[in-house]
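Text of entry_10.csv, listed as CSV, C-alpha atoms and all ligand atoms:
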```
chain,number,residue,atom,x,y,z
A,531,VAL,CA,-12.3,-7.1,-3.8
A,532,LEU,CA,-14.7,-10.0,-4.7
A,533,VAL,CA,-13.3,-12.1,-1.9
A,534,GLY,CA,-12.6,-9.2,0.6
A,535,HIS,CA,-15.7,-7.1,0.3
A,536,PRO,CA,-18.1,-9.2,2.4
A,537,PHE,CA,-15.6,-8.9,5.3
A,538,ASP,CA,-15.4,-5.2,4.7
A,539,THR,CA,-19.2,-4.9,4.9
A,540,VAL,CA,-19.2,-6.9,8.2
A,541,LYS,CA,-16.5,-4.5,9.5
A,542,VAL,CA,-18.6,-1.5,8.7
A,543,HIS,CA,-21.7,-3.0,10.3
A,544,LEU,CA,-19.8,-3.9,13.5
A,545,GLN,CA,-18.1,-0.5,13.6
A,546,THR,CA,-21.4,1.3,13.4
A,547,ASP,CA,-23.4,-1.1,15.7
A,548,ASP,CA,-25.1,0.5,18.7
A,549,PRO,CA,-23.1,-0.5,21.8
A,550,LYS,CA,-26.1,0.1,24.1
A,551,ASN,CA,-28.3,-2.1,22.1
A,552,PRO,CA,-26.1,-4.3,19.9
A,553,LYS,CA,-27.5,-6.1,16.9
A,554,TYR,CA,-24.5,-8.3,16.5
A,555,LYS,CA,-22.7,-10.7,18.9
A,556,GLY,CA,-19.5,-11.0,16.9
A,557,THR,CA,-18.0,-11.4,13.4
A,558,LEU,CA,-19.7,-14.6,12.5
A,559,HIS,CA,-23.1,-13.6,14.0
A,560,CYS,CA,-22.9,-10.3,12.1
A,561,MET,CA,-22.2,-12.1,8.8
A,562,LYS,CA,-25.1,-14.6,9.4
A,563,THR,CA,-27.5,-11.8,10.3
A,564,ILE,CA,-26.7,-9.8,7.2
A,565,LEU,CA,-27.2,-12.9,5.1
A,566,LEU,CA,-30.5,-13.7,6.8
A,567,VAL,CA,-31.9,-10.2,6.6
A,568,ASP,CA,-30.5,-9.0,3.3
A,569,ASN,CA,-29.2,-12.1,1.6
A,570,VAL,CA,-25.9,-12.3,-0.3
A,571,ARG,CA,-26.5,-8.9,-1.8
A,572,GLY,CA,-26.4,-7.5,1.7
A,573,LEU,CA,-22.7,-8.5,2.0
A,574,TYR,CA,-22.0,-7.1,-1.4
A,575,ARG,CA,-23.7,-3.8,-1.0
A,576,GLY,CA,-21.3,-1.0,-2.0
A,577,ILE,CA,-18.9,-3.2,-3.9
A,578,SER,CA,-19.3,-1.1,-7.0
A,579,SER,CA,-17.4,1.7,-5.2
A,580,PRO,CA,-14.1,-0.1,-4.7
A,581,MET,CA,-14.6,-1.9,-8.0
A,582,MET,CA,-14.5,1.5,-9.7
A,583,GLY,CA,-11.9,3.2,-7.5
A,584,ILE,CA,-9.4,0.7,-6.2
A,585,GLY,CA,-7.5,0.5,-9.5
A,586,LEU,CA,-6.9,4.3,-9.5
A,587,VAL,CA,-6.1,4.3,-5.7
A,588,ASN,CA,-3.5,1.5,-6.2
A,589,ALA,CA,-2.1,3.2,-9.2
A,590,ILE,CA,-1.5,6.3,-7.1
A,591,VAL,CA,-0.2,4.3,-4.2
A,592,PHE,CA,2.3,2.2,-6.0
A,593,GLY,CA,3.2,5.0,-8.5
A,594,VAL,CA,3.9,7.5,-5.9
A,595,TYR,CA,5.6,5.0,-3.6
A,596,GLY,CA,7.8,3.6,-6.3
A,597,ASN,CA,8.9,7.0,-7.6
A,598,VAL,CA,9.6,8.5,-4.1
A,599,GLN,CA,11.6,5.4,-3.3
A,600,LYS,CA,13.8,5.6,-6.4
A,601,LEU,CA,14.5,9.3,-6.0
A,602,SER,CA,15.6,9.0,-2.5
A,603,GLU,CA,19.2,8.8,-1.2
A,604,ASN,CA,19.1,5.3,0.0
A,605,PRO,CA,16.4,3.4,-1.9
A,606,ASN,CA,16.7,0.1,0.0
A,607,SER,CA,16.5,1.3,3.5
A,608,LEU,CA,13.4,0.7,5.6
A,609,MET,CA,13.4,4.4,6.4
A,610,THR,CA,12.9,5.2,2.7
A,611,HIS,CA,10.1,2.7,2.5
A,612,PHE,CA,8.5,4.3,5.5
A,613,ASN,CA,8.7,7.8,4.0
A,614,ALA,CA,7.5,6.7,0.5
A,615,GLY,CA,4.6,5.0,2.2
A,616,VAL,CA,3.7,8.2,4.1
A,617,ILE,CA,3.7,10.2,0.9
A,618,ALA,CA,1.7,7.6,-1.1
A,619,GLY,CA,-0.8,7.3,1.8
A,620,ILE,CA,-1.4,11.1,1.7
A,621,ALA,CA,-1.6,11.2,-2.1
A,622,GLN,CA,-4.2,8.4,-2.4
A,623,SER,CA,-6.5,9.9,0.3
A,624,PHE,CA,-8.1,12.4,-2.1
A,625,ILE,CA,-9.5,9.6,-4.2
A,626,CYS,CA,-9.8,7.1,-1.4
A,627,ALA,CA,-11.9,9.3,0.9
A,628,PRO,CA,-14.8,9.9,-1.5
A,629,MET,CA,-14.6,6.3,-2.7
A,630,GLU,CA,-15.0,5.0,0.9
A,631,LEU,CA,-17.6,7.6,1.7
A,632,ALA,CA,-19.8,6.2,-1.1
A,633,LYS,CA,-18.9,2.6,-0.2
A,634,THR,CA,-19.8,3.2,3.5
A,635,ARG,CA,-23.1,4.8,2.7
A,636,LEU,CA,-24.0,2.1,0.2
A,637,GLN,CA,-23.0,-0.7,2.6
A,638,LEU,CA,-25.3,0.7,5.3
A,639,SER,CA,-28.1,1.6,2.9
A,640,ASN,CA,-30.4,-1.1,4.0
A,641,HIS,CA,-29.5,-0.4,7.6
A,642,ILE,CA,-29.9,3.3,8.3
A,643,ASP,CA,-33.7,3.9,8.4
A,644,GLY,CA,-35.1,6.2,5.8
A,645,GLN,CA,-31.8,6.6,4.0
A,646,HIS,CA,-31.9,7.7,0.5
A,647,LYS,CA,-31.5,4.7,-1.9
A,648,PHE,CA,-28.6,5.1,-4.4
A,649,LYS,CA,-28.1,3.6,-7.8
A,650,GLY,CA,-24.4,3.4,-7.3
A,651,PRO,CA,-21.3,5.3,-6.0
A,652,ILE,CA,-21.5,8.1,-8.6
A,653,ASP,CA,-25.2,8.6,-7.9
A,654,CYS,CA,-24.4,8.6,-4.1
A,655,LEU,CA,-21.6,11.2,-4.4
A,656,LEU,CA,-23.7,13.4,-6.7
A,657,TYR,CA,-26.5,13.3,-4.2
A,658,ILE,CA,-24.1,14.3,-1.4
A,659,GLN,CA,-22.7,17.1,-3.6
A,660,ARG,CA,-26.2,18.4,-4.3
A,661,THR,CA,-27.3,18.3,-0.7
A,662,GLU,CA,-24.1,19.2,1.1
A,663,GLY,CA,-21.9,20.8,-1.5
A,664,ILE,CA,-18.4,19.6,-2.6
A,665,ARG,CA,-17.2,19.7,1.0
A,666,GLY,CA,-19.7,17.0,1.7
A,667,THR,CA,-18.1,14.6,-0.8
A,668,PHE,CA,-14.8,14.9,1.0
A,669,LYS,CA,-16.3,14.1,4.4
A,670,GLY,CA,-13.8,11.9,6.3
A,671,LEU,CA,-10.8,13.2,4.2
A,672,LEU,CA,-8.8,14.2,7.3
A,673,ALA,CA,-9.6,10.8,9.0
A,674,THR,CA,-8.5,9.1,5.8
A,675,VAL,CA,-5.2,11.0,5.7
A,676,LEU,CA,-4.6,10.3,9.4
A,677,ARG,CA,-5.4,6.6,8.9
A,678,ASP,CA,-3.4,6.1,5.8
A,679,ILE,CA,-0.1,7.7,7.0
A,680,PRO,CA,0.4,4.9,9.5
A,681,GLY,CA,-1.5,2.6,7.2
A,682,PHE,CA,0.7,2.8,4.2
A,683,SER,CA,4.0,3.4,6.0
A,684,SER,CA,3.6,0.2,8.0
A,685,TYR,CA,2.3,-1.6,4.9
A,686,PHE,CA,5.5,-1.0,2.9
A,687,VAL,CA,7.9,-1.3,5.7
A,688,SER,CA,6.6,-4.7,6.8
A,689,TYR,CA,6.4,-5.9,3.2
A,690,GLU,CA,10.0,-4.8,2.4
A,691,PHE,CA,11.2,-6.1,5.8
A,692,LEU,CA,9.9,-9.6,5.0
A,693,MET,CA,11.1,-9.5,1.4
A,694,GLN,CA,14.6,-8.5,2.4
A,695,LEU,CA,14.8,-11.7,4.5
A,696,GLN,CA,14.9,-13.8,1.4
A,697,GLU,CA,17.5,-14.0,-1.4
A,698,LYS,CA,15.0,-15.3,-4.0
A,699,PRO,CA,11.5,-15.2,-2.6
A,700,SER,CA,9.2,-18.0,-3.9
A,701,VAL,CA,5.6,-17.3,-5.0
A,702,PRO,CA,4.1,-18.6,-1.7
A,703,TYR,CA,6.6,-16.4,0.2
A,704,VAL,CA,5.5,-13.2,-1.8
A,705,LEU,CA,1.9,-14.1,-1.1
A,706,MET,CA,2.6,-14.5,2.6
A,707,ALA,CA,4.6,-11.3,2.8
A,708,GLY,CA,1.9,-9.3,1.1
A,709,GLY,CA,-0.8,-10.8,3.3
A,710,CYS,CA,1.2,-10.1,6.5
A,711,ALA,CA,1.9,-6.5,5.3
A,712,GLY,CA,-1.8,-6.0,4.8
A,713,MET,CA,-2.6,-7.3,8.3
A,714,SER,CA,0.1,-5.3,10.0
A,715,SER,CA,-1.0,-2.1,8.2
A,716,TRP,CA,-4.6,-2.5,9.5
A,717,LEU,CA,-3.4,-3.2,13.0
A,718,ALA,CA,-1.3,0.0,12.9
A,719,CYS,CA,-4.2,2.2,11.9
A,720,TYR,CA,-7.4,0.4,13.0
A,721,PRO,CA,-8.6,2.8,15.7
A,722,ILE,CA,-8.5,5.7,13.2
A,723,ASP,CA,-10.5,3.6,10.7
A,724,VAL,CA,-13.3,3.2,13.2
A,725,VAL,CA,-13.5,6.9,13.7
A,726,LYS,CA,-13.4,7.4,9.9
A,727,THR,CA,-16.4,5.1,9.4
A,728,HIS,CA,-18.4,7.0,12.0
A,729,MET,CA,-17.5,10.3,10.4
A,730,GLN,CA,-18.6,9.1,7.0
A,731,SER,CA,-21.8,7.4,8.1
A,732,ASP,CA,-22.8,10.4,10.2
A,733,ALA,CA,-26.0,12.2,9.3
A,734,LEU,CA,-25.9,15.2,7.1
A,735,GLY,CA,-26.1,18.9,8.0
A,736,ASN,CA,-27.6,20.0,11.3
A,737,GLN,CA,-28.5,16.4,12.2
A,738,ALA,CA,-24.8,15.6,12.3
A,739,LYS,CA,-23.7,13.9,15.6
A,740,TYR,CA,-20.1,14.9,15.3
A,741,ASN,CA,-18.3,18.1,15.0
A,742,GLY,CA,-15.0,16.8,13.5
A,743,PHE,CA,-12.6,13.9,13.9
A,744,MET,CA,-11.5,14.5,17.5
A,745,ASP,CA,-15.1,15.2,18.6
A,746,CYS,CA,-16.2,11.9,17.2
A,747,ALA,CA,-13.3,10.0,18.8
A,748,ILE,CA,-13.8,11.6,22.2
A,749,LYS,CA,-17.6,11.2,22.3
A,750,ASN,CA,-17.4,7.5,21.5
A,751,TYR,CA,-14.5,7.0,23.9
A,752,LYS,CA,-16.6,8.5,26.7
A,753,LYS,CA,-19.5,6.3,25.7
A,754,GLU,CA,-17.7,3.0,25.3
A,755,GLY,CA,-14.0,3.2,26.1
A,756,ILE,CA,-11.2,1.5,24.3
A,757,PRO,CA,-13.3,-1.3,22.8
A,758,PHE,CA,-15.0,1.2,20.5
A,759,PHE,CA,-11.7,1.5,18.6
A,760,TYR,CA,-11.4,-2.2,17.9
A,761,ARG,CA,-14.9,-3.1,16.8
A,762,GLY,CA,-14.7,-5.0,13.5
A,763,LEU,CA,-11.0,-5.7,13.7
A,764,ASN,CA,-11.3,-9.5,13.2
A,765,SER,CA,-13.2,-9.1,10.0
A,766,THR,CA,-10.7,-6.6,8.8
A,767,LEU,CA,-7.7,-8.8,9.4
A,768,ILE,CA,-9.4,-11.8,7.7
A,769,ARG,CA,-10.0,-9.5,4.7
A,770,ALA,CA,-6.6,-8.0,4.7
A,771,PHE,CA,-4.7,-11.2,4.1
A,772,PRO,CA,-6.0,-12.4,0.8
A,773,MET,CA,-6.6,-8.9,-0.5
A,774,ASN,CA,-3.0,-7.8,0.0
A,775,ALA,CA,-1.4,-11.1,-0.8
A,776,ALA,CA,-3.1,-10.8,-4.2
A,777,CYS,CA,-2.2,-7.1,-4.5
A,778,PHE,CA,1.6,-7.4,-3.8
A,779,PHE,CA,1.8,-10.6,-5.9
A,780,VAL,CA,0.3,-8.9,-8.9
A,781,VAL,CA,2.6,-5.9,-8.5
A,782,ALA,CA,5.7,-8.1,-8.2
A,783,TRP,CA,4.6,-10.2,-11.1
A,784,VAL,CA,3.8,-7.2,-13.4
A,785,LEU,CA,7.2,-5.5,-12.6
A,786,GLU,CA,9.0,-8.8,-13.3
A,787,PHE,CA,7.1,-9.2,-16.5
A,788,CYS,CA,8.0,-5.7,-17.7
A,789,LYS,CA,11.6,-6.2,-16.8
A,790,LYS,CA,11.8,-9.5,-18.7
A,791,ASN,CA,10.2,-7.9,-21.7
A,792,GLY,CA,12.5,-4.9,-21.6
A,793,ILE,CA,9.7,-2.5,-20.6
A,794,ASP,CA,11.5,-0.1,-18.4
A,795,MET,CA,9.1,0.3,-15.5
A,796,ILE,CA,11.8,0.5,-13.0
A,797,GLU,CA,14.1,2.8,-14.8
A,798,SER,CA,15.9,4.3,-11.8
A,799,PRO,CA,19.0,6.1,-10.8
A,800,ASN,CA,19.9,3.1,-8.7
A,801,GLN,CA,20.2,0.6,-11.5
A,802,ASN,CA,23.2,2.1,-13.1
A,803,LEU,CA,26.5,0.5,-14.0
A,804,ASN,CA,29.2,3.0,-13.1
A,805,VAL,CA,32.7,2.5,-14.3
A,806,VAL,CA,35.6,4.3,-12.8
A,807,ASN,CA,39.2,4.2,-13.6
A,808,LEU,CA,41.6,3.5,-10.8
A,809,ASP,CA,45.2,3.2,-12.0
A,810,ASN,CA,45.2,0.5,-14.6
A,811,TRP,CA,42.1,-1.1,-13.5
A,812,SER,CA,38.5,-0.4,-14.3
A,813,HIS,CA,36.3,-0.8,-11.4
A,814,ALA,CA,32.7,-1.1,-12.1
A,815,TYR,CA,30.1,-0.9,-9.5
A,816,ILE,CA,26.5,-1.9,-9.9
A,817,GLN,CA,23.8,-0.1,-8.2
A,818,ASN,CA,21.0,-2.6,-8.2
A,819,ASP,CA,17.5,-2.1,-7.0
A,820,PHE,CA,17.2,-5.1,-4.8
A,821,GLY,CA,20.7,-5.5,-3.7
A,822,LYS,CA,21.0,-8.7,-5.6
A,823,ASP,CA,22.5,-10.1,-8.8
A,824,ASP,CA,19.3,-10.0,-10.8
A,825,GLU,CA,18.9,-10.8,-14.4
A,826,LEU,CA,19.6,-7.3,-15.8
A,827,VAL,CA,22.7,-7.1,-13.8
A,828,ARG,CA,23.9,-10.5,-14.9
A,829,LYS,CA,23.3,-9.5,-18.5
A,830,ILE,CA,25.3,-6.3,-18.1
A,831,ILE,CA,28.1,-8.3,-16.5
A,832,SER,CA,28.3,-10.8,-19.2
A,833,GLU,CA,28.1,-8.3,-22.0
A,834,SER,CA,30.8,-6.1,-20.5
A,835,GLU,CA,33.2,-8.9,-19.8
A,836,LEU,CA,33.5,-7.8,-16.2
A,837,GLU,CA,34.8,-10.2,-13.7
A,838,PRO,CA,33.1,-10.3,-10.4
A,839,ARG,CA,35.4,-10.1,-7.5
A,840,GLU,CA,34.8,-11.3,-4.1
A,841,SER,CA,35.4,-8.0,-2.3
A,842,SER,CA,32.6,-5.6,-1.9
A,843,HIS,CA,32.8,-1.9,-1.1
A,844,GLU,CA,34.7,-2.3,2.1
A,845,SER,CA,37.8,-2.7,0.1
A,846,LEU,CA,37.4,0.6,-1.5
A,847,ASN,CA,38.5,3.4,0.6
A,848,GLY,CA,38.3,6.2,-1.8
A,849,SER,CA,35.8,8.9,-0.9
A,850,PHE,CA,34.3,9.1,-4.4
A,851,LEU,CA,33.4,5.4,-4.2
A,852,ASP,CA,32.0,6.0,-0.8
A,853,ASN,CA,28.5,5.2,-2.0
A,854,TYR,CA,26.2,3.1,0.0
A,855,HIS,CA,24.3,2.0,-3.1
A,856,ILE,CA,27.1,-0.2,-4.1
A,857,ASP,CA,26.2,-3.7,-3.7
A,858,LYS,CA,29.0,-5.6,-5.5
A,859,MET,CA,32.2,-4.6,-7.1
A,860,TYR,CA,33.3,-5.8,-10.4
A,861,ASP,CA,36.8,-5.5,-11.9
A,862,SER,CA,37.8,-5.5,-15.4
A,863,LYS,CA,41.2,-5.7,-16.9
A,864,ILE,CA,40.1,-4.0,-20.1
A,865,GLN,CA,39.8,-0.3,-20.5
A,866,ASN,CA,36.6,1.7,-20.0
A,867,SER,CA,36.3,2.3,-23.7
A,868,GLN,CA,36.1,-1.3,-24.5
A,869,LEU,CA,33.2,-1.9,-22.1
A,870,ASN,CA,30.1,-2.2,-24.1
A,871,MET,CA,27.2,-1.8,-22.0
A,872,ASN,CA,23.6,-1.4,-23.0
A,873,ASN,CA,21.0,-0.7,-20.5
A,874,THR,CA,23.3,1.5,-18.6
A,875,SER,CA,23.9,5.1,-18.0
A,876,ASN,CA,26.2,7.3,-15.9
A,877,GLN,CA,29.4,5.9,-17.4
A,878,SER,CA,32.3,8.0,-16.2
B,1,LIG,N1,-5.0,0.8,6.2
B,1,LIG,C1,-4.6,0.8,5.1
B,1,LIG,N2,-5.1,1.7,4.2
B,1,LIG,N3,-3.6,-0.1,4.7
B,1,LIG,C2,-3.2,-0.3,3.4
B,1,LIG,C3,-3.9,-1.4,2.8
B,1,LIG,C4,-4.7,-1.0,1.6
B,1,LIG,C5,-5.4,-2.2,0.9
B,1,LIG,N4,-5.9,-1.7,-0.3
B,1,LIG,C6,-6.5,-2.7,1.8
B,1,LIG,O1,-7.6,-2.2,1.7
B,1,LIG,O2,-6.3,-3.6,2.5
```
With the file now loaded, output its structure as structure tokens.
Ligand SMILES: NC(=[NH2+])NCCC[C@H](N)C(=O)O
Amino acid sequence: VLVGHPFDTVKVHLQTDDPKNPKYKGTLHCMKTILLVDNVRGLYRGISSPMMGIGLVNAIVFGVYGNVQKLSENPNSLMTHFNAGVIAGIAQSFICAPMELAKTRLQLSNHIDGQHKFKGPIDCLLYIQRTEGIRGTFKGLLATVLRDIPGFSSYFVSYEFLMQLQEKPSVPYVLMAGGCAGMSSWLACYPIDVVKTHMQSDALGNQAKYNGFMDCAIKNYKKEGIPFFYRGLNSTLIRAFPMNAACFFVVAWVLEFCKKNGIDMIESPNQNLNVVNLDNWSHAYIQNDFGKDDELVRKIISESELEPRESSHESLNGSFLDNYHIDKMYDSKIQNSQLNMNNTSNQS
């Protein structure tokens, strides 16, 4: 947020600039102008809002996403990541919309003439609640939902797509994948974000310019055409890379840390070791989150004296093994009862 917020402020100023009488000639000019007129604090106006809210928003995003993914039929497919992203996007909107409403109002507070000065995001939201009621504090909620459905589905699909290309992704690779996921997610939803900013910076009550999301989009389209929907995009893409590189890197690092320390953050139905008896053989199949022999799986294998065999599930033509979660097959010459497996469940 510290690195990204100035670019977010530039975005909001460019999005709300007057096309008939523009103040700014472009991304750099906008940044310079804000610095000249309002100093560094101009670029950091409204930062308290994401500072307070982004932790909660990301907890909802990654919590909902992770759980939906684990509970689904096929946790590693891109379709699953898409669906989990959609649901996570909707879920976070209820916190994200008021957070961004306060952020937007604060970012423009030196800009909109005669606007009430706020002490911070809570003060801003309380003021809106007093003057406009609780509905006022959720201004832009529909636009946020409409933005974040494509926003978060493309976010997770592009991240997972890039991560699945690598067997063991390096740190720079994870950073790159996160940065690219952020950029592609903003590309996917940017026009809706422009409309959202206009809804949220619109005047209150009967001085309001817009009568809803579509009205706002249509009015501005008639005034300015397609370019309206892409104002501020450069600044947004610059911000998105470091912001989301850091975000995904921290998520991956924390999950890895928890796993190493036996904190079961990723307890999931797809990390089971299942043992089935076929004639005199015990066949064990591992359902592993990432489709790889990761540490936990290797530990289970070594503890259970299972011998990995080359063949994978193609060789198993029994219907009850017809399970697309199977990543690798392991055979054991010993009986089920001798298999001693911790960290496992669903033994049958
Ligand atoms: N358009 C979106 N909401 N995309 C998801 C990215 C969210 C991320 N916190 C960001 O602000 O960059």
Next on the checklist: Between CA of Thr539 (chain A) and CA of Tyr574 (chain A), what distance in Å does the model show, to one decimal?
Outcome noted: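 Computing it gives 7.2 Å between the two atoms.
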Neighbourhood of ligand LIG 1 (chain B) at 10 Å, counting only C-alpha atoms and all ligand atoms, reported as an mmCIF file with C-alpha atoms, keeping the file's coordinate frame:
```cif
data_model
loop_
_atom_site.group_PDB
_atom_site.id
_atom_site.type_symbol
_atom_site.label_atom_id
_atom_site.label_comp_id
_atom_site.auth_asym_id
_atom_site.auth_seq_id
_atom_site.Cartn_x
_atom_site.Cartn_y
_atom_site.Cartn_z
ATOM 1 C CA VAL A 531 -12.300 -7.100 -3.800
ATOM 2 C CA GLY A 534 -12.600 -9.200 0.600
ATOM 3 C CA HIS A 535 -15.700 -7.100 0.300
ATOM 4 C CA ASP A 538 -15.400 -5.200 4.700
ATOM 5 C CA PRO A 580 -14.100 -0.100 -4.700
ATOM 6 C CA ILE A 584 -9.400 0.700 -6.200
ATOM 7 C CA GLY A 585 -7.500 0.500 -9.500
ATOM 8 C CA VAL A 587 -6.100 4.300 -5.700
ATOM 9 C CA ASN A 588 -3.500 1.500 -6.200
ATOM 10 C CA VAL A 591 -0.200 4.300 -4.200
ATOM 11 C CA GLY A 615 4.600 5.000 2.200
ATOM 12 C CA GLY A 619 -0.800 7.300 1.800
ATOM 13 C CA GLN A 622 -4.200 8.400 -2.400
ATOM 14 C CA SER A 623 -6.500 9.900 0.300
ATOM 15 C CA CYS A 626 -9.800 7.100 -1.400
ATOM 16 C CA THR A 674 -8.500 9.100 5.800
ATOM 17 C CA VAL A 675 -5.200 11.000 5.700
ATOM 18 C CA ARG A 677 -5.400 6.600 8.900
ATOM 19 C CA ASP A 678 -3.400 6.100 5.800
ATOM 20 C CA ILE A 679 -0.100 7.700 7.000
ATOM 21 C CA PRO A 680 0.400 4.900 9.500
ATOM 22 C CA GLY A 681 -1.500 2.600 7.200
ATOM 23 C CA PHE A 682 0.700 2.800 4.200
ATOM 24 C CA SER A 683 4.000 3.400 6.000
ATOM 25 C CA SER A 684 3.600 0.200 8.000
ATOM 26 C CA TYR A 685 2.300 -1.600 4.900
ATOM 27 C CA PHE A 686 5.500 -1.000 2.900
ATOM 28 C CA GLY A 708 1.900 -9.300 1.100
ATOM 29 C CA GLY A 709 -0.800 -10.800 3.300
ATOM 30 C CA ALA A 711 1.900 -6.500 5.300
ATOM 31 C CA GLY A 712 -1.800 -6.000 4.800
ATOM 32 C CA MET A 713 -2.600 -7.300 8.300
ATOM 33 C CA SER A 714 0.100 -5.300 10.000
ATOM 34 C CA SER A 715 -1.000 -2.100 8.200
ATOM 35 C CA TRP A 716 -4.600 -2.500 9.500
ATOM 36 C CA LEU A 717 -3.400 -3.200 13.000
ATOM 37 C CA ALA A 718 -1.300 0.000 12.900
ATOM 38 C CA CYS A 719 -4.200 2.200 11.900
ATOM 39 C CA TYR A 720 -7.400 0.400 13.000
ATOM 40 C CA ILE A 722 -8.500 5.700 13.200
ATOM 41 C CA ASP A 723 -10.500 3.600 10.700
ATOM 42 C CA THR A 766 -10.700 -6.600 8.800
ATOM 43 C CA LEU A 767 -7.700 -8.800 9.400
ATOM 44 C CA ARG A 769 -10.000 -9.500 4.700
ATOM 45 C CA ALA A 770 -6.600 -8.000 4.700
ATOM 46 C CA PHE A 771 -4.700 -11.200 4.100
ATOM 47 C CA PRO A 772 -6.000 -12.400 0.800
ATOM 48 C CA MET A 773 -6.600 -8.900 -0.500
ATOM 49 C CA ASN A 774 -3.000 -7.800 0.000
ATOM 50 C CA ALA A 775 -1.400 -11.100 -0.800
ATOM 51 C CA CYS A 777 -2.200 -7.100 -4.500
ATOM 52 C CA PHE A 778 1.600 -7.400 -3.800
#
```
Checklist entry - Pick the closest to Lys541 (chain A) from A:Ser688, A:Asn597, A:Gln694, A:Thr634: which is it, counting all atoms listed in the file? => result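 Selected residue with least distance to Lys541 (chain A): A:Thr634.
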Next on the checklist: I'd like the neighbourhood of region 779-795 of chain A as an MDAnalysis selection string, where a residue qualifies if any of its atoms comes within 8 Å (using all atoms listed in the file), though same-chain residues fewer than 5 positions away should be ignored.
Outcome noted: chainID A and resid 701 704:705 708
Item to check | Length of the CA of Thr661 (chain A) to CA of Lys726 (chain A) vector [Å] | outcome: 20.6 Å
Checklist entry - Which distance in Å separates CA of Phe743 (chain A) and CA of Glu630 (chain A), to one decimal? => result 15.9 Å
Checklist entry - With all atoms listed in the file as the basis for distance, which of A:Leu676, A:Met629, A:Leu692, A:Met609 is at the shortest distance from Met582 (chain A)? => result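 Counting all atoms listed in the file, the residue closest to Met582 (chain A) is A:Met629.
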